[in-house]
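Visitor: This is entry-v8.cif (mmCIF, C-alpha atoms).
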data_final
#
loop_
_atom_site.label_atom_id
_atom_site.label_comp_id
_atom_site.auth_asym_id
_atom_site.auth_seq_id
_atom_site.Cartn_x
_atom_site.Cartn_y
_atom_site.Cartn_z
CA PHE W 9 35.48 34.11 -4.11
CA ASN W 10 37.38 35.51 -7.11
CA GLU W 11 40.73 34.89 -5.42
CA ALA W 12 39.80 31.72 -3.51
CA ASP W 13 41.27 28.32 -4.35
CA ALA W 14 38.58 26.26 -2.59
CA VAL W 15 35.45 26.68 -0.46
CA GLU W 16 34.53 25.01 2.83
CA VAL W 17 31.15 23.29 2.51
CA TRP W 18 31.18 21.07 5.61
CA ASN W 19 32.34 22.04 9.08
CA ALA W 20 32.23 19.62 12.05
CA ASP W 21 28.96 17.63 12.45
CA PHE W 22 26.90 17.82 9.26
CA THR W 23 24.03 20.21 10.06
CA PRO W 24 21.28 22.01 8.09
CA ASP W 25 23.75 24.88 7.63
CA ASP W 26 26.12 22.51 5.85
CA GLU W 27 23.22 21.19 3.76
CA ILE W 28 22.51 24.72 2.55
CA THR W 29 26.20 25.35 1.86
CA VAL W 30 26.54 22.17 -0.23
CA SER W 31 23.43 23.16 -2.19
CA GLU W 32 24.76 26.66 -2.85
CA TRP W 33 28.13 25.24 -3.88
CA ASP W 34 26.38 22.87 -6.28
CA ASN W 35 24.63 25.90 -7.82
CA THR W 36 28.07 27.32 -8.64
CA LEU W 37 28.96 24.05 -10.38
CA VAL W 38 25.81 24.34 -12.49
CA ALA W 39 26.75 27.92 -13.38
CA ALA W 40 30.28 26.85 -14.32
CA ALA W 41 28.86 24.06 -16.50
CA ARG W 42 26.88 26.74 -18.37
CA GLY W 43 29.97 28.87 -18.86
CA ASP W 44 29.15 31.38 -16.13
CA GLY W 45 32.29 31.57 -14.03
CA ARG W 46 34.83 29.10 -12.69
CA TRP W 47 34.23 26.36 -10.17
CA LEU W 48 35.80 26.11 -6.73
CA PRO W 49 36.68 22.73 -5.19
CA ALA W 50 34.88 21.81 -1.96
CA VAL W 51 36.75 21.02 1.26
CA GLY W 52 35.72 20.13 4.80
CA HIS W 53 37.27 20.91 8.19
CA SER W 54 36.74 19.80 11.76
CA ASP W 55 37.30 23.26 13.33
CA ALA W 56 37.35 21.73 16.83
CA HIS W 57 37.85 24.24 19.67
CA ARG W 58 36.68 22.44 22.82
CA GLU W 59 35.32 19.15 24.15
CA PRO W 60 33.38 17.26 22.84
CA GLN W 61 34.17 18.64 19.35
CA ALA W 62 36.17 16.06 17.39
CA VAL W 63 39.29 16.74 15.35
CA GLY W 64 38.98 15.12 11.93
CA LEU W 65 35.17 15.37 11.63
CA PRO W 66 35.16 15.85 8.72
CA GLN W 67 38.47 15.50 6.93
CA THR W 68 39.58 16.33 3.40
CA VAL W 69 41.40 13.55 1.51
CA VAL W 70 43.74 14.86 -1.19
CA LEU W 71 45.39 13.15 -4.16
CA ALA W 72 48.86 14.70 -4.20
CA ASP W 73 52.28 13.86 -5.57
CA ASP W 74 53.74 13.85 -2.04
CA LEU W 75 52.95 15.07 1.48
CA SER W 76 54.55 18.49 1.10
CA ARG W 77 52.45 21.59 1.73
CA THR W 78 52.88 22.68 -1.91
CA ALA W 79 51.75 19.31 -3.30
CA LEU W 80 48.72 19.20 -1.00
CA GLN W 81 47.73 22.74 -1.93
CA GLU W 82 48.07 21.93 -5.63
CA GLY W 83 45.86 18.86 -5.18
CA ILE W 84 43.18 20.89 -3.41
CA ARG W 85 43.38 23.71 -5.95
CA ALA W 86 42.87 21.18 -8.76
CA GLY W 87 39.86 19.65 -6.98
CA ARG W 88 41.53 16.25 -6.60
CA CYS W 89 39.98 15.77 -3.16
CA TRP W 90 36.97 14.39 -1.32
CA ILE W 91 35.51 14.78 2.16
CA ALA W 92 34.65 12.09 4.73
CA GLU W 93 33.39 12.06 8.29
CA SER W 94 36.26 9.80 9.38
CA SER W 95 39.30 7.84 8.19
CA ARG W 96 37.23 4.63 8.30
CA ILE W 97 35.68 5.61 4.97
CA ASP W 98 37.58 4.96 1.75
CA LEU W 99 36.43 5.60 -1.79
CA THR W 100 37.47 5.83 -5.41
CA PHE W 101 35.43 7.70 -8.01
CA GLU W 102 36.13 7.67 -11.73
CA ALA W 103 34.58 8.15 -15.16
CA LEU W 104 35.49 5.96 -18.11
CA GLY W 105 34.97 6.56 -21.82
CA GLY W 106 34.32 3.90 -24.41
CA ARG W 107 37.77 4.27 -25.98
CA GLY W 108 39.83 3.91 -22.82
CA GLN W 109 39.61 7.52 -21.61
CA HIS W 110 39.75 7.95 -17.85
CA ALA W 111 39.21 10.82 -15.41
CA GLY W 112 39.24 11.00 -11.63
CA ILE W 113 37.91 13.48 -9.10
CA GLY W 114 38.45 17.09 -10.17
CA GLU W 115 39.38 16.11 -13.73
CA ARG W 116 37.62 16.29 -17.10
CA LEU W 117 36.79 13.25 -19.21
CA ARG W 118 37.13 14.55 -22.75
CA VAL W 119 34.53 12.66 -24.77
CA GLY W 120 32.03 13.48 -27.48
CA ARG W 121 28.62 14.68 -26.34
CA THR W 122 26.87 11.41 -27.21
CA GLU W 123 29.66 8.99 -26.30
CA GLN W 124 28.69 6.64 -23.49
CA VAL W 125 30.43 7.26 -20.17
CA THR W 126 30.57 4.85 -17.23
CA VAL W 127 30.75 6.49 -13.80
CA ARG W 128 31.99 4.18 -11.03
CA LEU W 129 32.15 4.67 -7.27
CA LYS W 130 33.76 2.18 -4.89
CA VAL W 131 33.20 2.94 -1.22
CA SER W 132 33.88 1.07 2.02
CA GLY W 133 33.74 1.77 5.72
CA VAL W 134 30.29 3.32 5.92
CA GLY W 135 27.65 2.06 8.30
CA PRO W 136 24.31 0.35 7.62
CA GLY W 137 21.46 2.50 6.33
CA CYS W 138 23.65 4.62 4.05
CA SER W 139 22.93 5.36 0.42
CA VAL W 140 24.92 6.51 -2.62
CA ARG W 141 23.76 9.44 -4.74
CA PHE W 142 25.22 10.71 -8.03
CA ILE W 143 24.54 14.43 -8.45
CA THR W 144 24.81 16.24 -11.81
CA ASP W 145 23.90 19.64 -13.23
CA GLN W 146 20.43 18.11 -13.67
CA GLY W 147 20.19 17.12 -10.00
CA GLN W 148 20.31 13.60 -8.57
CA LEU W 149 20.15 11.11 -11.43
CA TYR W 150 21.22 7.91 -9.66
CA GLY W 151 20.89 6.42 -6.20
CA THR W 152 21.37 3.05 -4.53
CA ALA W 153 21.49 1.66 -1.01
CA VAL W 154 24.74 0.57 0.64
CA PRO W 155 24.48 -2.97 2.01
CA ASP W 156 24.99 -3.67 5.71
CA SER W 157 28.60 -4.63 4.95
CA GLY W 158 29.30 -0.92 4.47
CA SER W 159 30.90 -1.50 1.06
CA VAL W 160 29.48 -1.07 -2.43
CA THR W 161 30.50 -0.55 -6.04
CA ALA W 162 27.98 1.65 -7.84
CA GLU W 163 27.98 2.17 -11.62
CA TRP W 164 25.93 4.51 -13.77
CA ARG W 165 26.04 5.23 -17.49
CA THR W 166 25.45 8.62 -19.03
CA THR W 167 26.67 10.99 -21.74
CA ALA W 168 28.17 14.48 -21.68
CA SER W 169 25.01 15.78 -23.35
CA TYR W 170 22.98 14.52 -20.37
CA ALA W 171 25.36 15.39 -17.52
CA ALA W 172 28.00 18.12 -17.63
CA TYR W 173 29.50 16.81 -14.40
CA VAL W 174 28.96 14.04 -11.87
CA ARG W 175 29.80 14.07 -8.19
CA ALA W 176 29.11 11.45 -5.53
CA GLU W 177 27.55 11.66 -2.09
CA ILE W 178 27.25 8.96 0.57
CA ARG W 179 24.43 9.82 2.96
CA ARG W 180 23.25 8.38 6.25
CA ALA W 181 19.56 7.55 6.65
CA PRO W 182 17.41 10.62 7.40
CA ALA W 183 16.22 10.88 11.00
CA ASP W 184 12.59 11.20 9.89
CA GLY W 185 12.78 8.21 7.57
CA GLY W 186 12.68 10.49 4.55
CA ALA W 187 9.23 11.92 5.24
CA SER W 188 10.44 15.52 4.81
CA GLY W 189 12.27 14.81 1.56
CA VAL W 190 15.52 16.11 3.08
CA PRO W 191 18.40 13.65 2.66
CA GLY W 192 20.20 12.30 5.69
CA PRO W 193 23.52 13.63 7.01
CA MET W 194 26.58 13.39 4.78
CA ALA W 195 29.03 10.57 5.41
CA ALA W 196 31.29 11.43 2.45
CA MET W 197 31.21 13.48 -0.74
CA THR W 198 33.44 14.12 -3.73
CA ASN W 199 34.27 17.00 -5.96
CA PRO W 200 32.93 16.65 -9.51
CA ILE W 201 34.23 14.84 -12.53
CA TRP W 202 33.51 17.00 -15.60
CA LEU W 203 32.29 15.38 -18.81
CA GLY W 204 32.77 16.58 -22.37
CA ALA W 205 35.31 18.41 -24.49
CA GLN W 206 34.79 21.89 -23.03
CA SER W 207 37.61 23.21 -20.87
CA TRP W 208 37.38 25.66 -17.97
CA GLU W 209 39.60 28.25 -16.40
CA ARG W 210 40.86 27.44 -12.90
#
Please lay out the structure from this file as structure tokens.

Guide:
Amino acid sequence: FNEADAVEVWNADFTPDDEITVSEWDNTLVAAARGDGRWLPAVGHSDAHREPQAVGLPQTVVLADDLSRTALQEGIRAGRCWIAESSRIDLTFEALGGRGQHAGIGERLRVGRTEQVTVRLKVSGVGPGCSVRFITDQGQLYGTAVPDSGSVTAEWRTTASYAAYVRAEIRRAPADGGASGVPGPMAAMTNPIWLGAQSWER
């Protein structure tokens, strides 16, 4: 991975293999937060070869200056991207400091360790039974249900001393009703927003 710009964490239908890959990728974020290596942005691909495999399940959404190959690659390399199971899903994810600071997906919100940070996710286009989770280097620290409308704005407050990064997941309901403790399949997920003054090497 030393020469990689990004890592695929989700390929086609979200399966237990993808669950393991997301977990292992999150471990690398924790290591990066502790100063042990750099972080790689997550991407997803449909990798469809035959019927009934679907092109665009999942898809990577990139914030780029334009639609050129170079601009898209730069957006992915910077981590300014998120993954969704379809184009029906739309989201914005941001972190706000108390003095007007702002950071989006893949960026760092440069704030003092004890300064209050507001993390905000707006999501639409997901089905009933979904839930929002905010994941940090301490694990999941926030969760809420998505109403049947499929749209929700979720807010959570934290500090850089409590969470070195925050990323968002939107999950479908688990097939076993949650009895196993394993979350349901992914509907969408973001790359992290980093919190605090520390910088990293990309």

Visitor: Go ahead and fit an axis-aligned box to every listed atom of stretch 43-58 of chain W plus 5 Å each side, and pass me the centre and edge lengths in Å, one decimal, as lines of an AutoDock Vina configuration file.

Guide:
center_x = 33.5
center_y = 25.7
center_z = 2.0
size_x = 18.7
size_y = 21.8
size_z = 51.7

Visitor: What would the selection look like, as a PyMOL selection string, if the PyMOL selection byres ((chain W and resi 172-180) around 9) were run on the coordinates I just shared?

Guide: chain W and resi 37-38+41-42+101+103+113+116+127+129+131+134-146+154+167-171+181-183+191-204

Visitor: Which residue out of W:Gly133, W:Trp47, W:Ala20, W:Ile97 has the minimum interatomic distance to W:Asn35 when all atoms listed in the file are used?

Guide: W:Trp47

Visitor: By how many Å are atom CA of W:Glu102 and atom CA of W:Thr78 apart?

Guide: 24.5 Å

Visitor: Contacts of stretch 66-76 of chain W at 6 Å or less, counting all atoms listed in the file, minus same-chain residues fewer than 4 places along, as a PyMOL selection string?

Guide: chain W and resi 20+51-54+80+83+88-93

Visitor: Starting from the displayed file, determine the output of the PyMOL selection byres ((chain W and resi 105) around 12) and express the residue list as a list in words.

Guide: Glu102, Ala103, Leu104, Gly106, Arg107, Gly108, Gln109, His110, Ala111, Gly112, Arg116, Leu117, Arg118, Val119, Gly120, Arg121, Thr122, Glu123, Gln124, Val125, Thr126, Val127, Arg128, Arg165, Thr166, Thr167, Ala168, Leu203 and Gly204 of chain W

Visitor: List, as a ChimeraX atom specification, every residue that the PyMOL selection byres ((chain W and resi 27) around 10) selects in the file provided.

Guide: /W:17-18,22-26,28-33,190-194

Visitor: Which distance in Å separates atom CA of W:Ser157 and atom CA of W:Ser132, to one decimal?

Guide: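 The value is 8.3 Å.
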
Visitor: Any idea what's packed within 7 Å of W:Val15, counting only C-alpha atoms, ignoring anything in its chain fewer than 4 positions away? Could you give it as a list in words?

Guide: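 The neighbour list is Leu48, Pro49, Ala50 and Val51 of chain W.
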
Visitor: What does the distance from atom CA of W:Ala40 to atom CA of W:Gln206 come to in Å, to one decimal?

Guide: 11.0 Å

Visitor: Have a look at W:Thr36, W:Thr100, W:Asn19, W:Gln81 and name the one nearest to W:Ala56; count all atoms listed in the file.

Guide: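 Selected residue with least distance to W:Ala56: W:Asn19.
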